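S.K.: Right, I'll just put the structure down here and ask away after.
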Amino acid sequence: MQSPPRRLGVAVVVAVIVVLASIKLNTFRDYQIAEIAVEVTAVAGLTLLTGLSGQISLGHGAFMAIGAYTTALLLMHLGWPFIAVLVLAAAVTAAAGAIVGAAAARLRGPYLAGATLMLGVALPSIAYAYQGVFGGDQGLNVAFTAPGFLGATFPLTRWQAWVSALVALITLVLLANLYYSRIGRNWRAVRDDDVAAALDGVNVAAARILAFVVSASCAGIAGALLAIVTGLVAPGAFTLTLSISLLTAAVIGGLGSLPGALWGSLVIVLVPTYVTDVATSHGLSSSAGSNIPVAAYGAVLILVMLVFPQGIQGGLRRILTLFTGPGPKTPTRKALHEKTSAPHK
Amino acid sequence: MVEFLQFTLSGIVFGMIYAAVALSLVLIWRGTRLLNYAQGGMAMFTTYVAIEVIYRTGSYWAGFVVALAAGVVLGAAFQLTVIRPTINKPPLNGVIVTIGLLTLLEGLAGIFFGGQYRSFPAAFSVTGLKIGTTPLGVSRFDVFTAAAVLVTTLALAAAFKYTTAGLRMRAAAFNATIARLSGIRVARVLTVGWALAGLIGALAGVLVSPSTFLYPNSMDTIFVFGFTAAVIGGLDSPVGAVVGGLLLGIALSYVGGYLGSDLTAVVALGVLVVVLMIRPGGLFSAARVRRV
Amino acid sequence: MKRPQHLINRARRRRWQAAAIVTVAALSAAACSSSSGSSSSGASSSGSSSEALTASAPGITPTQILIGSHQPLTGPAAPGYDEIAPASAAYFSYVNAHGGVYGRKIVYKYLNDAYDPTTTASVVRQLVLQDNVYALFNGLGTPTHLAVVQFLNSEKVPDVFVASGCECWNSPTADPETFGWQLDYVREGKILGQYVKQHFAGKKVAYFYQDDEFGMDGVKGLDDEIPASMVVSKQSYVDTNVNIAPQVAALRASGAQVVISFSIPAFTALLKLNGLKLGFSPQLAVSSVGSDPITLSGLLESFAKQGGATVNGNALTNGIITDDYLPSAGDMSNSWIALFTKVHNQYDAKAPLDGNMFYGMAVAYTFVQAMLKAGRNPTRADLVSTVESGLPQGPMVAPFAYAAGDHAGATGAFIGVIKNGVEVQEGPVLTTDTSASGPITTYTGTGQQAPASGIPSP
């Protein structure tokens with residue numbers, strides 16, 4: 001999607017579809033729309049970080065936690081309107097992203113993975129250390145209501161779906177602009193060969209840190225949305241499982257692609273519920289019944305990865321070329337693979 | 001002063017467990033350039049197999065041996081079935097497959113063995129050893145744990161350095177294409193690497209499960225710290241895995257003893273950041289060659 | 001000439017990809033078209049008693065009552081706690097097989113939240129907005145349930161008998177739909193604390209507690225009773241780190257002779273094991289949350305065998321002091337234990353017969369009691385007002401606090417000492433409140449026996 005007006009147009013169409021769907025479907029589906037919007041926002045940032053600038057993060061849940069806690073604290077203590085809170089949450093998380101990005105600038109591959117993994121584990125545990133501020137294990141409550149002009153009978157979940165979807169769409173449009181800009185090209189250059197990029201005049205460290213800042217902000221925004229959608233910000237919501245599921249969504253959907261962020265988020269949000277429904281409808285015994293969805297989900301991840309090595313977006317593109325024929329040759333991600341599997345002692 | 005000794009010794013014991021997990025991760029990384037996120041899950045599963053054998057036969061050592069054998073089989077089986085197809089694909093695919101594998105193993109463990117805590121026996125006595133009347137804070141079993149991991153590391157390091165098989169593994173990891181041209185069956189070497197990693201992981205599982213009790217998620221935290229230890233030591237170095245494990249185990253023990261339980265993860269992060277700032281490739285990384 | 005292997009692989013993969021897409025599309029179509037259960041409307045006669053059964057509330061039809069719950073069925077918090085909901089379901093099956101609630105069958109739909117508040121928020125909305133459950137029953141966990149209290153109260157869904165000992169479920173003005181059930185942690189702390197103060201005067205006492213509101217509320221109750229001069233050390237642990245050797249070493253170094261532990265069973269067992277390692281065997285007093293003798297024996301059995309003799313884990317649990325608000329799990333002479341064991345053997349035979357099992361059945365009993373009292377065609381508001389009017393204590397050793405201004409559950413417990421896998425009662429049942437100065441009084445009633453039919457009377 002090369003031109004800004006087309007991107008905006010697609011975004012508007014999607015927004016209209018979401019509004020119509022939220023009215024047509026039941027209120028629980030509205031909630032799922034909100035959940036998906038939260039995931040997409042976070043996953044889109046992560047997929048740019050990992051796919052476009054080549055930096056892996058196994059701890060992006062930490063940035064979501066920062067955004068969520070900032071939101072909860074601002075709403076609780078200052079009572080600002082949500083839009084202001086959202087901007088500030090994004091800013092705080094961006095600053096955190098800058099710090100992490102600077103610390104991580106020299107790290108590659110599994111070392112970056114290890115550092116971000118431990119970040120994802122350690123950061124939420126700070127909520128336990130400063131219980132007075134962060135509410136400890138019980139967390140902080142977030143009050144969020146639909147505005148008065150919509151009427152008293154307007155379902156809160158629909159309002160939450162609208163707000164989340166709007167914020168997600170705006171974020172995606174901004175990310176798409178970045179993707180096709182010089183910054184996006186610099187990221188890809190740095191990912192594929194940072195020495196060549198440096199020789200070409202790209203400030204490698206700045207590009208890498210900027211990628212962290214952008215992706216962290218997205219996660220922070222997602223965290224803010226999560227706070228108003230679920231209504232509670234507690235460390236139990238930001239475990240390592242969250243960070244891993246974000247990365248899984250990014251890769252399953254198609255690493256480095258924004259539509260891929262949507263496919264991945266759909267898988268993460270909808271597949272577990274679907275598999276659980278199937279299991280409970282067969283009335284299985286409890287221990288088997290509750291673990292079958294877990295095992296099935298793992299099997300699905302493996303299968304999707306084996307059948308669609310380029311993720312769902314890559315697979316869709318391939319299916320499309322079966323009908324339309326191969327398009328102009330685009331640079332593949334083979335370069336990324338060759339770089340990280342290059343021999344070194 | 002006595003507490004300091006106790007903290008140090010118990011830190012060493014847990015550190016050796018982290019070292020064992022780190023060792024398996026190093027083995028797989030060296031061989032296949034893949035992060036095996038399922039390492040803890042594999043260890044959990046083989047430990048379940050062990051407890052079932054122990055339960056039915058009444059013999060601890062039978063279970064111990066079966067666990068190690070199961071680790072070999074599991075490691076090789078995974079590599080042959082789901083890991084091999086990811087070899088020439090984008091590097092994160094393999095990681096996601098191992099994440100899927102971990103989830104699958106945890107689900108299967110819940111289905112076949114139930115989700116309850118299982119008590120796992122220790123090979124030797126768990127009552128503490130004393131010097132005079134002062135308890136050291138470690139038991140005979142702890143000494144066995146540390147020794148077992150140490151012996152395994154040394155055996156592995158020696159095998160890498162002095163045997164042809166070890167040389168083949170190092171060659172395949174260094175440059176698969178050239179190794180293949182030299183006649184090395186790279187595919188087989190990779191499978192052997194995974195089998196070995198499975199074995200060491202299984203060892204870590206039976207050594208730590210008396211302290212964690214056995215349940216489908218019992219190895220999750222151990223894996224996180226083991227991975228951290230591997231990164232601290234440098235993912236290409238078996239010795240680094242042990243050093244990283246000990247460093248982490250002892251640091252966490254001091255924190256838990258002197259500062260309180262809240263801050264352990266933060267301190268682990270701190271240790272990791274400090275090490276990686278100084279040496280971005282871990283403590284035992286070789287100097288990086290800068291290609292221009 | 002044979003096609004090169006990589007082209008064969010690619011063609012093969014394309015076929016798999018196409019097949020996968022078609023399968024997913026078909027499954028999605030099937031999933032979208034499947035409808036969710038919702039209550040039917042319209043009256044129909046049941047044919048038995050006076051008033052006809054109607055669909056008097058969401059989740060209630062002439063034939064069934066649909067209730068929902070969120071439970072940790074998988075994940076690190078699942079071991080032990082995943083037994084509770086199946087146990088409740090077993091008791092409901094027993095009731096259904098013996099006439100149900102005025103002829104209606106109780107359908108218990110409990111969904112897995114893996115102890116993640118985000119998932120809890122999602123599954124509870126599914127239960128309320130899509131499945132239209134009549135009430136939320138026994139939602140488990142403090143941080144998890146806190147994520148849905150606001151929602152349940154704003155949707156006016158009865159939120160009964162939360163499975164957590166937090167004081168926070170007792171706020172009738174802010175959360176009128178929410179009710180606790182089990183003995184809260186502050187009360188436990190007071191009762192346990194008073195016993196230790198009275199029986200171990202002059203000794204050095206230390207606390208070992210989980211670093212969350214369970215442990216901290218317990219400590220608050222302990223501090224209400226035990227003078228600060230007696231307490232020599234307070235050590236906390238987080239349930240994600242099993243290496244508690246440093247904390248136990250610190251306890252030993254403090255010279256503590258009594259250790260009061262607000263820990264979950266795994267960490268009670270670890271406390272004992274690490275004590276063995278350090279040659280430290282203080283008198284242990286453990287909250288009911290972490291003291292179930294059957295669970296503890298199971299955790300410790302591998303280590304009891306080390307002694308050489310063929311003893312079971314009971315050897316390592318003997319002498320542990322605990323409080324309990326339900327009869328002890330191993331006590332077959334108790335009528336409730338006998339009843340629930342019978343139900344277990346019939347409907348949930350594979351599960352262990354431990355404290356969690358009896359907890360699940362006891363809370364299910366209370367729910368059936370409430371539903372029977374609520375009338376033949378209850379609305380949601382009827383359930384809330386029924387509980388507020390007070391409920392018989394059933395298997396509880398002390399009465400419930402339920403009243404218009406009080407949504408707390410159990411008010412008291414007995415102190416027991418574990419002997420051979422059973423908590424042997426010492427002294428009377430004690431009741432108290434949650435305030436720092438509130439007295440601890442002896443409960444002079446005799447409690448209730450289990451009904452012969454196993455079903456409460458309306």
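Following the order of the structure tokens, chains are lettered A, B, ..., residues in each are numbered from 1, and ligands are numbered from 1.
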Could the residues of chain A that have an atom at most 6 Å from chain C be listed as CSV, each with its closest atom pair and the distance in Å to one decimal, counting only C-alpha atoms and ordered by chain and ascending residue number?

M.R.:
```
residue,atom,partner,partner_atom,distance
A:Phe28,CA,C:Leu129,CA,5.4
A:Asp137,CA,C:Asp212,CA,5.5
A:Gln138,CA,C:Pro143,CA,4.7
A:Thr230,CA,C:Ala121,CA,5.8
A:Leu232,CA,C:Ala147,CA,5.1
A:Gly236,CA,C:Asp116,CA,5.5
A:Ala237,CA,C:Asp116,CA,5.4
A:Val307,CA,C:Gln17,CA,5.8
```

S.K.: Mind listing as a PyMOL selection string which residues of chain B are within 7 Å of chain C, counting only C-alpha atoms?

M.R.: chain B and resi 3+7+10+115-121+125-128+135-139+212+217+221+253+256-257+261-262

S.K.: Residues at most 12 Å from region 150-156 of chain A, counting only C-alpha atoms, excluding those fewer than 4 positions away in the same chain, as a list in words?

M.R.: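 Residues meeting the cut-off are Ser22, Ile23, Asn26, Thr27, Phe28, Arg29, Asp30, Tyr31, Ala34, Ala143, Phe144, Thr145, Ala146, Gln160, Ala161, Trp162, Val163, Ile228, Val229, Thr230 and Gly231 of chain A; Arg125, Leu129, Phe151, Ser154 and Glu155 of chain C.
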
S.K.: With only C-alpha atoms counted and 12 Å as the cut-off, give the residues of region 120-228 of chain A in contact with region 258-275 of chain A, each with its shortest interatomic distance in Å and the pair that gives it, as a Markdown table.

M.R.:
```
| residue | atom | partner | partner_atom | distance |
| --- | --- | --- | --- | --- |
| A:Ala165 | CA | A:Leu262 | CA | 11.8 |
| A:Ala168 | CA | A:Leu262 | CA | 10.4 |
| A:Leu169 | CA | A:Leu262 | CA | 10.9 |
| A:Thr171 | CA | A:Leu258 | CA | 10.7 |
| A:Leu172 | CA | A:Leu258 | CA | 7.4 |
| A:Val173 | CA | A:Leu258 | CA | 9.6 |
| A:Leu174 | CA | A:Leu258 | CA | 11.1 |
| A:Leu175 | CA | A:Leu258 | CA | 8.1 |
| A:Ala176 | CA | A:Leu258 | CA | 7.4 |
| A:Asn177 | CA | A:Leu258 | CA | 11.1 |
| A:Leu178 | CA | A:Leu258 | CA | 11.2 |
| A:Tyr179 | CA | A:Leu258 | CA | 9.0 |
| A:Tyr180 | CA | A:Leu258 | CA | 11.6 |
```

S.K.: I'd like the neighbourhood of Ala77 (chain B) as a PyMOL selection string, where a residue qualifies if any of its atoms comes within 12 Å (using only C-alpha atoms), though same-chain residues fewer than 2 positions away should be ignored.

M.R.: chain B and resi 42+70-75+79-84+101+190-196+198

S.K.: Taking only C-alpha atoms into account, what are the residues of chain A at most 6 Å from chain B, put as a ChimeraX atom specification?

M.R.: /A:107,111,114,118,122,129,288,291,294-295,298,301-302,337,343

S.K.: List the spatial neighbours of region 283-287 of chain C as a PyMOL selection string - criterion: any atom at most 9 Å away, only C-alpha atoms, same-chain residues fewer than 5 positions off excluded.

M.R.: chain C and resi 185+188-189+192+196+218+257-264+268+272+319-324+417

S.K.: Using DSSP on the backbone, list every residue of region 22-112 of chain A that comes out as helix (DSSP H, G or I), and give them as a VMD selection string.

M.R.: chain A and resid 22 to 24 27 to 52 60 to 77 82 to 104 109 to 112

S.K.: Quick one: distance from CA of Lys419 (chain C) to CA of Leu353 (chain C) in Å, one decimal?

M.R.: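 Separation of CA of Lys419 (chain C) and CA of Leu353 (chain C): 17.2 Å.
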